[in-house]
file structure07.txt (compact mmCIF, C-alpha atoms)
# COMPACT_ATOMS: atom_id res chain seq x y z
CA MET A 1 134.13 150.15 -22.31
CA ALA A 2 135.92 152.71 -20.11
CA ARG A 3 133.87 154.31 -17.36
CA THR A 4 133.17 158.02 -17.86
CA THR A 5 135.39 160.16 -15.64
CA GLN A 6 133.89 162.24 -12.85
CA ALA A 7 134.93 165.48 -14.56
CA GLU A 8 133.21 164.36 -17.76
CA LEU A 9 130.06 163.46 -15.82
CA ALA A 10 130.14 166.91 -14.21
CA ARG A 11 130.34 168.59 -17.61
CA GLN A 12 127.50 166.39 -18.89
CA PHE A 13 125.37 167.34 -15.90
CA LEU A 14 126.02 171.06 -16.28
CA ALA A 15 125.12 170.85 -19.98
CA LEU A 16 121.71 169.42 -19.02
CA HIS A 17 120.88 172.85 -17.54
CA ASP A 18 121.37 174.79 -20.79
CA GLY A 19 117.64 175.37 -21.25
CA ARG A 20 117.26 173.53 -24.55
CA LYS A 21 115.18 170.88 -22.83
CA ILE A 22 113.87 170.64 -19.28
CA LEU A 23 115.88 168.31 -17.04
CA VAL A 24 113.57 165.85 -15.28
CA LEU A 25 115.58 164.71 -12.27
CA PRO A 26 114.34 161.73 -10.21
CA ASN A 27 115.56 161.45 -6.63
CA ALA A 28 116.91 158.15 -5.31
CA TRP A 29 117.38 157.03 -1.73
CA ASP A 30 119.38 153.84 -2.28
CA VAL A 31 121.15 151.89 -5.01
CA ALA A 32 118.01 149.97 -6.00
CA SER A 33 115.96 153.10 -6.66
CA ALA A 34 118.92 154.73 -8.44
CA ARG A 35 119.35 151.76 -10.76
CA ILE A 36 115.63 151.69 -11.54
CA PHE A 37 115.77 155.39 -12.51
CA GLU A 38 118.87 154.77 -14.61
CA GLU A 39 117.23 151.81 -16.36
CA ALA A 40 114.22 154.02 -17.12
CA GLY A 41 116.48 156.26 -19.20
CA PHE A 42 116.93 159.38 -17.09
CA PRO A 43 120.15 161.26 -17.98
CA ALA A 44 121.00 162.06 -14.34
CA ILE A 45 119.88 161.26 -10.80
CA GLY A 46 119.55 163.32 -7.64
CA THR A 47 119.55 161.94 -4.14
CA THR A 48 116.85 162.79 -1.62
CA SER A 49 118.14 163.76 1.80
CA ALA A 50 114.76 163.07 3.41
CA GLY A 51 114.49 159.69 1.70
CA ILE A 52 117.98 158.61 2.74
CA ALA A 53 117.48 159.87 6.28
CA ASN A 54 114.16 158.08 6.67
CA ALA A 55 115.55 154.85 5.21
CA LEU A 56 118.32 154.92 7.81
CA GLY A 57 116.00 155.71 10.70
CA TYR A 58 116.23 159.50 10.97
CA PRO A 59 113.68 162.30 10.51
CA ASP A 60 114.43 164.88 7.83
CA GLY A 61 116.16 168.13 8.74
CA GLN A 62 119.88 167.39 8.96
CA LYS A 63 119.46 164.87 11.78
CA ILE A 64 121.50 162.25 9.92
CA SER A 65 125.28 162.70 10.04
CA ARG A 66 127.18 163.95 7.03
CA SER A 67 129.21 160.73 6.89
CA GLU A 68 126.11 158.50 6.85
CA MET A 69 124.49 160.63 4.15
CA LEU A 70 127.62 160.57 2.01
CA ALA A 71 128.07 156.83 2.42
CA VAL A 72 124.77 156.34 0.58
CA VAL A 73 125.68 158.96 -2.03
CA HIS A 74 128.94 157.09 -2.64
CA ARG A 75 127.17 153.75 -3.10
CA ILE A 76 124.69 155.31 -5.55
CA ALA A 77 127.37 157.13 -7.57
CA ALA A 78 129.46 153.95 -7.79
CA ALA A 79 126.48 151.88 -8.96
CA VAL A 80 125.30 154.02 -11.90
CA GLY A 81 126.97 155.34 -15.02
CA ILE A 82 125.15 158.69 -15.16
CA PRO A 83 125.70 161.94 -13.21
CA VAL A 84 124.58 161.99 -9.57
CA THR A 85 123.87 165.17 -7.62
CA ALA A 86 123.74 164.99 -3.83
CA ASP A 87 121.15 166.68 -1.63
CA MET A 88 123.28 167.86 1.29
CA GLU A 89 120.58 169.84 3.09
CA ALA A 90 122.08 173.02 4.65
CA GLY A 91 125.66 171.83 4.12
CA TYR A 92 126.24 170.19 7.52
CA GLY A 93 127.97 173.22 8.94
CA ALA A 94 127.26 176.77 10.05
CA LYS A 95 130.54 178.18 8.68
CA PRO A 96 131.71 178.45 5.07
CA LYS A 97 134.76 176.25 5.77
CA GLU A 98 132.47 173.50 7.10
CA VAL A 99 130.27 173.66 4.02
CA ALA A 100 133.42 173.63 1.87
CA GLU A 101 134.43 170.39 3.61
CA THR A 102 131.01 168.96 2.79
CA ALA A 103 131.54 169.88 -0.88
CA ARG A 104 134.97 168.26 -0.86
CA GLU A 105 133.48 165.04 0.53
CA VAL A 106 130.62 165.16 -1.99
CA ILE A 107 133.23 165.16 -4.76
CA GLU A 108 135.15 162.35 -3.06
CA ALA A 109 131.89 160.36 -2.92
CA GLY A 110 131.67 160.55 -6.72
CA ALA A 111 128.82 163.04 -7.08
CA VAL A 112 128.98 165.92 -9.56
CA GLY A 113 126.33 168.21 -8.08
CA MET A 114 125.14 169.40 -4.69
CA ASN A 115 122.00 170.97 -3.25
CA LEU A 116 122.50 173.64 -0.58
CA GLU A 117 119.58 175.04 1.44
CA ASP A 118 119.43 178.38 3.24
CA THR A 119 117.59 176.96 6.24
CA ILE A 120 118.71 177.11 9.87
CA ASP A 121 118.70 173.99 12.06
CA ASP A 122 115.60 173.79 14.26
CA ARG A 123 114.36 177.24 13.12
CA PRO A 124 111.85 176.66 10.32
CA ASP A 125 110.70 180.28 10.62
CA LEU A 126 114.11 181.73 9.71
CA LEU A 127 116.51 181.69 6.78
CA ALA A 128 120.29 181.99 6.93
CA ASP A 129 121.86 185.44 6.75
CA LEU A 130 122.11 186.30 3.07
CA ASN A 131 125.75 187.39 3.14
CA LEU A 132 126.75 184.28 5.09
CA GLN A 133 124.92 182.08 2.61
CA LYS A 134 126.77 183.75 -0.26
CA GLU A 135 130.06 183.03 1.53
CA LYS A 136 129.09 179.37 1.82
CA ILE A 137 128.30 179.22 -1.90
CA ARG A 138 131.61 180.84 -2.79
CA ALA A 139 133.38 178.33 -0.54
CA VAL A 140 131.74 175.46 -2.45
CA VAL A 141 132.72 177.00 -5.79
CA GLU A 142 136.33 177.41 -4.66
CA THR A 143 136.44 173.82 -3.42
CA SER A 144 135.12 172.60 -6.76
CA ALA A 145 137.75 174.58 -8.65
CA ARG A 146 140.57 173.20 -6.52
CA ALA A 147 139.32 169.66 -7.10
CA GLY A 148 139.10 170.14 -10.86
CA ILE A 149 135.50 168.90 -10.85
CA PRO A 150 132.91 171.46 -12.05
CA LEU A 151 130.44 170.66 -9.26
CA VAL A 152 126.95 171.90 -10.17
CA LEU A 153 125.67 173.79 -7.12
CA ASN A 154 121.88 173.98 -6.84
CA ALA A 155 121.26 176.83 -4.39
CA ARG A 156 117.89 176.59 -2.67
CA THR A 157 115.79 179.10 -0.80
CA ASP A 158 112.84 178.04 1.34
CA VAL A 159 110.96 181.36 1.28
CA PHE A 160 107.86 179.72 -0.23
CA LEU A 161 108.26 176.26 1.29
CA ALA A 162 108.56 177.64 4.84
CA SER A 163 106.11 180.53 4.24
CA ILE A 164 108.68 183.16 5.22
CA GLY A 165 107.20 186.65 5.50
CA ALA A 166 103.88 187.99 4.24
CA ALA A 167 102.53 186.15 1.19
CA GLU A 168 102.77 189.24 -1.02
CA THR A 169 106.51 189.61 -0.29
CA ARG A 170 107.61 186.05 -1.04
CA LEU A 171 108.08 186.32 -4.79
CA ALA A 172 110.38 189.34 -4.60
CA HIS A 173 112.21 187.87 -1.59
CA THR A 174 112.80 184.59 -3.45
CA ILE A 175 114.08 186.35 -6.56
CA GLU A 176 116.40 188.54 -4.47
CA ARG A 177 117.93 185.57 -2.67
CA LEU A 178 118.26 183.35 -5.74
CA ASN A 179 119.91 186.09 -7.78
CA ALA A 180 122.34 186.71 -4.92
CA TYR A 181 123.16 183.01 -4.93
CA ARG A 182 123.67 183.09 -8.68
CA ASP A 183 126.03 186.05 -8.34
CA ALA A 184 127.97 184.06 -5.71
CA GLY A 185 128.51 181.25 -8.21
CA ALA A 186 125.55 178.85 -8.01
CA GLN A 187 124.81 177.22 -11.37
CA CYS A 188 121.16 176.34 -10.65
CA LEU A 189 118.51 178.02 -8.47
CA PHE A 190 115.92 176.07 -6.50
CA ALA A 191 112.57 177.39 -5.24
CA PRO A 192 110.59 174.53 -3.66
CA GLY A 193 107.04 175.18 -2.51
CA VAL A 194 105.87 176.89 -5.73
CA LYS A 195 103.36 175.19 -7.99
CA ASP A 196 101.02 177.79 -9.57
CA LYS A 197 101.90 178.65 -13.14
CA GLU A 198 101.80 182.43 -12.72
CA THR A 199 104.31 182.45 -9.88
CA ILE A 200 106.56 179.97 -11.68
CA ALA A 201 106.54 182.17 -14.79
CA GLN A 202 107.43 185.23 -12.71
CA LEU A 203 110.31 183.33 -11.11
CA VAL A 204 111.62 182.20 -14.50
CA ASN A 205 111.57 185.82 -15.69
CA GLY A 206 113.04 187.19 -12.48
CA VAL A 207 115.98 184.93 -11.73
CA HIS A 208 119.23 185.13 -13.66
CA GLY A 209 119.91 181.42 -14.02
CA PRO A 210 118.32 178.00 -14.51
CA LEU A 211 115.31 177.49 -12.25
CA ASN A 212 114.59 174.21 -10.42
CA ILE A 213 111.00 173.45 -9.37
CA LEU A 214 109.98 170.69 -6.94
CA ALA A 215 107.20 168.45 -8.24
CA THR A 216 104.41 167.80 -5.76
CA ALA A 217 100.62 167.52 -5.72
CA GLY A 218 99.25 170.21 -8.02
CA THR A 219 102.49 170.96 -9.86
CA PRO A 220 101.94 171.47 -13.61
CA PRO A 221 103.09 168.55 -15.77
CA VAL A 222 106.57 168.54 -17.27
CA ALA A 223 105.44 169.79 -20.69
CA GLU A 224 103.85 172.89 -19.13
CA LEU A 225 106.86 173.57 -16.91
CA GLU A 226 109.08 173.40 -19.99
CA LYS A 227 106.87 175.93 -21.82
CA LEU A 228 107.13 178.23 -18.79
CA GLY A 229 110.92 178.10 -19.07
CA VAL A 230 111.73 175.91 -16.06
CA ALA A 231 115.17 174.34 -16.54
CA ARG A 232 114.93 171.51 -14.03
CA VAL A 233 112.19 169.68 -12.14
CA SER A 234 112.97 167.28 -9.31
CA VAL A 235 110.71 165.05 -7.24
CA GLY A 236 112.45 165.08 -3.86
CA SER A 237 111.31 162.47 -1.38
CA GLY A 238 108.05 161.88 -3.31
CA PRO A 239 108.96 158.47 -4.80
CA MET A 240 110.33 157.22 -1.49
CA ARG A 241 107.20 158.31 0.38
CA ALA A 242 105.01 156.77 -2.33
CA THR A 243 106.91 153.52 -1.78
CA LEU A 244 106.30 153.76 1.97
CA GLY A 245 102.62 154.33 1.24
CA LEU A 246 102.52 151.14 -0.84
CA ILE A 247 104.22 149.18 1.94
CA ALA A 248 101.73 150.57 4.48
CA ARG A 249 98.82 149.45 2.28
CA MET A 250 100.44 146.04 1.82
CA ALA A 251 100.85 145.72 5.58
CA ARG A 252 97.20 146.50 6.22
CA GLN A 253 96.05 144.08 3.53
CA LEU A 254 98.24 141.31 4.89
CA ARG A 255 97.26 141.93 8.51
CA GLU A 256 93.54 142.58 8.02
CA GLU A 257 92.66 140.46 4.97
CA GLY A 258 95.39 137.87 4.87
CA SER A 259 95.79 138.42 1.11
CA PHE A 260 98.80 139.36 -1.02
CA SER A 261 97.68 141.14 -4.18
CA LEU A 262 99.25 144.49 -3.32
CA MET A 263 102.57 142.68 -2.98
CA THR A 264 102.31 140.56 -6.10
CA ASP A 265 100.49 142.76 -8.63
CA GLY A 266 103.04 144.79 -10.57
CA ALA A 267 106.00 143.55 -8.56
CA MET A 268 109.42 143.32 -10.20
CA THR A 269 110.44 139.71 -10.69
CA TYR A 270 113.18 138.16 -8.60
CA ALA A 271 115.34 137.78 -11.71
CA ASP A 272 114.84 141.39 -12.81
CA ALA A 273 115.65 142.68 -9.33
CA ASN A 274 118.92 140.77 -9.31
CA ARG A 275 119.69 141.92 -12.86
CA LEU A 276 119.72 145.54 -11.68
CA PHE A 277 122.95 144.83 -9.84
CA THR A 278 124.67 142.66 -12.44
CA ARG A 279 126.81 144.88 -14.65
call {"tool": "encode", "arguments": {"input": "structure07.txt", "output": "structure tokens"}}
result
Amino acid sequence: MARTTQAELARQFLALHDGRKILVLPNAWDVASARIFEEAGFPAIGTTSAGIANALGYPDGQKISRSEMLAVVHRIAAAVGIPVTADMEAGYGAKPKEVAETAREVIEAGAVGMNLEDTIDDRPDLLADLNLQKEKIRAVVETSARAGIPLVLNARTDVFLASIGAAETRLAHTIERLNAYRDAGAQCLFAPGVKDKETIAQLVNGVHGPLNILATAGTPPVAELEKLGVARVSVGSGPMRATLGLIARMARQLREEGSFSLMTDGAMTYADANRLFTR
């Protein structure tokens, strides 16, 4: 059976944002986690920048190089048969032409989507200039058009996540920035840090495009998010950190008790693990 082309995967991925059904997007940090998510039946996969960075020995926050991040994206995209969208943090560049180069390399890596944050390196209390961020988004859109791959750009603002400004101003500020990003060409709009139903509903009503919510402790379940009108829910580095938590508990059990149940109970068999990588 012929492998689906990248352009076809991109069109499939964009269609998953049409609002008919919420897109539940798991985030992988390596080929193994990506294949597990694919085997579970998800229609698409995102990468987690924090998960990939941590797995390769870096803290989150664009400390890993663009080339190292994209090497993992490439391996994931080559290993699965479903659309992959790449979390590329703040684009690995302060100028639109640098972010455009990141988008070009995302496409070369085989991904069909890209996350772009409006954060500033080492300044968690500030967001990028709005007009500059719009220029970066337009540069990504132009790069996508030249490549002939309809890259799905998920434009993110960290107003809520980074607690930017007074609490009573954050909703309007988030809506303003996300609508500006939509006008610049972003196909999906991402507001991490929001989990109460009232605020989510106000965001859905206020933004002019598909809304992405980040699942975390206290986030409403998928069925409720779908009723609220959320188009996409992703899990970020949650699964990777949950895996690290399991390994930490296994380490303590092995070191302190000398027993193995946390390692053996519920573990994937050796044969099943190998089967993940036999196509």
call {"tool": "residues_around", "arguments": {"input": "structure07.txt", "residues": "Ala50 of chain A", "least_positions_apart": "2", "cutoff": "8 Å", "atoms": "all atoms listed in the file", "output": "list in words"}}
result
Thr48, Ile52, Ala53, Asn54, Pro59, Asp60, Gly61, Gly236 and Ser237 of chain A
call {"tool": "closest_residue", "arguments": {"input": "structure07.txt", "among": "A:Ser67, A:Gln133, A:Thr5, A:Gln62", "to": "Pro83 of chain A", "atoms": "all atoms listed in the file"}}
result
A:Thr5
call {"tool": "atom_distance", "arguments": {"input": "structure07.txt", "atom1": "atom CA of Asp87 of chain A", "atom2": "atom CA of Asn115 of chain A"}}
result
4.7 Å
call {"tool": "closest_residue", "arguments": {"input": "structure07.txt", "among": "A:Arg241, A:Gly209, A:Leu9, A:Thr199", "to": "Gly113 of chain A", "atoms": "all atoms listed in the file"}}
result
A:Leu9
call {"tool": "closest_residue", "arguments": {"input": "structure07.txt", "among": "A:Pro96, A:Pro150, A:Gly229, A:Pro26", "to": "Val204 of chain A", "atoms": "all atoms listed in the file"}}
result
A:Gly229
call {"tool": "residues_around", "arguments": {"input": "structure07.txt", "residues": "Gln187 of chain A", "least_positions_apart": "5", "cutoff": "7 Å", "atoms": "all atoms listed in the file", "output": "PyMOL selection string"}}
result
chain A and resi 152-154+182+209
call {"tool": "closest_residue", "arguments": {"input": "structure07.txt", "among": "A:Asp30, A:Glu176, A:Asp129, A:Glu38", "to": "Gly81 of chain A", "atoms": "all atoms listed in the file"}}
result
A:Glu38
call {"tool": "build_atoms", "arguments": {"input": "structure07.txt", "residues": "segment 109-139 of chain A", "atoms": "N, CA and C atoms", "output": "mmCIF file, in the coordinates of the input"}}
result
data_model
loop_
_atom_site.group_PDB
_atom_site.id
_atom_site.type_symbol
_atom_site.label_atom_id
_atom_site.label_comp_id
_atom_site.auth_asym_id
_atom_site.auth_seq_id
_atom_site.Cartn_x
_atom_site.Cartn_y
_atom_site.Cartn_z
ATOM 1 N N ALA A 109 132.904 161.411 -2.858
ATOM 2 C CA ALA A 109 131.890 160.360 -2.920
ATOM 3 C C ALA A 109 131.507 160.015 -4.355
ATOM 4 N N GLY A 110 131.953 160.836 -5.327
ATOM 5 C CA GLY A 110 131.670 160.550 -6.720
ATOM 6 C C GLY A 110 130.540 161.341 -7.330
ATOM 7 N N ALA A 111 129.912 162.227 -6.548
ATOM 8 C CA ALA A 111 128.820 163.040 -7.080
ATOM 9 C C ALA A 111 129.376 164.219 -7.866
ATOM 10 N N VAL A 112 128.547 164.799 -8.719
ATOM 11 C CA VAL A 112 128.980 165.920 -9.560
ATOM 12 C C VAL A 112 128.082 167.142 -9.378
ATOM 13 N N GLY A 113 127.200 167.088 -8.394
ATOM 14 C CA GLY A 113 126.330 168.210 -8.080
ATOM 15 C C GLY A 113 125.992 168.175 -6.612
ATOM 16 N N MET A 114 125.452 169.302 -6.113
ATOM 17 C CA MET A 114 125.140 169.400 -4.690
ATOM 18 C C MET A 114 124.031 170.413 -4.479
ATOM 19 N N ASN A 115 123.032 170.035 -3.691
ATOM 20 C CA ASN A 115 122.000 170.970 -3.250
ATOM 21 C C ASN A 115 122.449 171.623 -1.951
ATOM 22 N N LEU A 116 122.180 172.925 -1.816
ATOM 23 C CA LEU A 116 122.500 173.640 -0.580
ATOM 24 C C LEU A 116 121.324 174.536 -0.212
ATOM 25 N N GLU A 117 120.724 174.270 0.946
ATOM 26 C CA GLU A 117 119.580 175.040 1.440
ATOM 27 C C GLU A 117 120.048 176.255 2.234
ATOM 28 N N ASP A 118 119.138 177.231 2.385
ATOM 29 C CA ASP A 118 119.430 178.380 3.240
ATOM 30 C C ASP A 118 118.634 178.336 4.536
ATOM 31 N N THR A 119 118.319 177.129 4.986
ATOM 32 C CA THR A 119 117.590 176.960 6.240
ATOM 33 C C THR A 119 118.551 176.991 7.433
ATOM 34 N N ILE A 120 117.967 177.130 8.613
ATOM 35 C CA ILE A 120 118.710 177.110 9.870
ATOM 36 C C ILE A 120 118.192 175.958 10.699
ATOM 37 N N ASP A 121 119.097 175.144 11.258
ATOM 38 C CA ASP A 121 118.700 173.990 12.060
ATOM 39 C C ASP A 121 117.714 174.394 13.151
ATOM 40 N N ASP A 122 116.601 173.641 13.197
ATOM 41 C CA ASP A 122 115.600 173.790 14.260
ATOM 42 C C ASP A 122 114.932 175.169 14.292
ATOM 43 N N ARG A 123 115.048 175.943 13.209
ATOM 44 C CA ARG A 123 114.360 177.240 13.120
ATOM 45 C C ARG A 123 113.661 177.351 11.778
ATOM 46 N N PRO A 124 112.544 176.648 11.610
ATOM 47 C CA PRO A 124 111.850 176.660 10.320
ATOM 48 C C PRO A 124 111.279 178.020 9.938
ATOM 49 N N ASP A 125 111.249 178.951 10.889
ATOM 50 C CA ASP A 125 110.700 180.280 10.620
ATOM 51 C C ASP A 125 111.754 181.273 10.163
ATOM 52 N N LEU A 126 113.021 180.835 10.076
ATOM 53 C CA LEU A 126 114.110 181.730 9.710
ATOM 54 C C LEU A 126 114.923 181.179 8.558
ATOM 55 N N LEU A 127 115.558 182.083 7.801
ATOM 56 C CA LEU A 127 116.510 181.690 6.780
ATOM 57 C C LEU A 127 117.898 182.207 7.176
ATOM 58 N N ALA A 128 118.926 181.585 6.631
ATOM 59 C CA ALA A 128 120.290 181.990 6.930
ATOM 60 C C ALA A 128 120.532 183.432 6.478
ATOM 61 N N ASP A 129 121.446 184.103 7.162
ATOM 62 C CA ASP A 129 121.860 185.440 6.750
ATOM 63 C C ASP A 129 122.320 185.393 5.297
ATOM 64 N N LEU A 130 121.850 186.333 4.502
ATOM 65 C CA LEU A 130 122.110 186.300 3.070
ATOM 66 C C LEU A 130 123.605 186.370 2.752
ATOM 67 N N ASN A 131 124.315 187.262 3.406
ATOM 68 C CA ASN A 131 125.750 187.390 3.140
ATOM 69 C C ASN A 131 126.509 186.128 3.544
ATOM 70 N N LEU A 132 126.111 185.528 4.664
ATOM 71 C CA LEU A 132 126.750 184.280 5.090
ATOM 72 C C LEU A 132 126.480 183.169 4.096
ATOM 73 N N GLN A 133 125.248 183.110 3.587
ATOM 74 C CA GLN A 133 124.920 182.080 2.610
ATOM 75 C C GLN A 133 125.734 182.255 1.333
ATOM 76 N N LYS A 134 125.941 183.483 0.918
ATOM 77 C CA LYS A 134 126.770 183.750 -0.260
ATOM 78 C C LYS A 134 128.211 183.294 -0.019
ATOM 79 N N GLU A 135 128.714 183.496 1.200
ATOM 80 C CA GLU A 135 130.060 183.030 1.530
ATOM 81 C C GLU A 135 130.149 181.509 1.444
ATOM 82 N N LYS A 136 129.110 180.832 1.890
ATOM 83 C CA LYS A 136 129.090 179.370 1.820
ATOM 84 C C LYS A 136 129.117 178.908 0.355
ATOM 85 N N ILE A 137 128.334 179.575 -0.474
ATOM 86 C CA ILE A 137 128.300 179.220 -1.900
ATOM 87 C C ILE A 137 129.663 179.448 -2.532
ATOM 88 N N ARG A 138 130.282 180.572 -2.241
ATOM 89 C CA ARG A 138 131.610 180.840 -2.790
ATOM 90 C C ARG A 138 132.628 179.806 -2.308
ATOM 91 N N ALA A 139 132.473 179.354 -1.074
ATOM 92 C CA ALA A 139 133.380 178.330 -0.540
ATOM 93 C C ALA A 139 133.219 177.012 -1.303
#
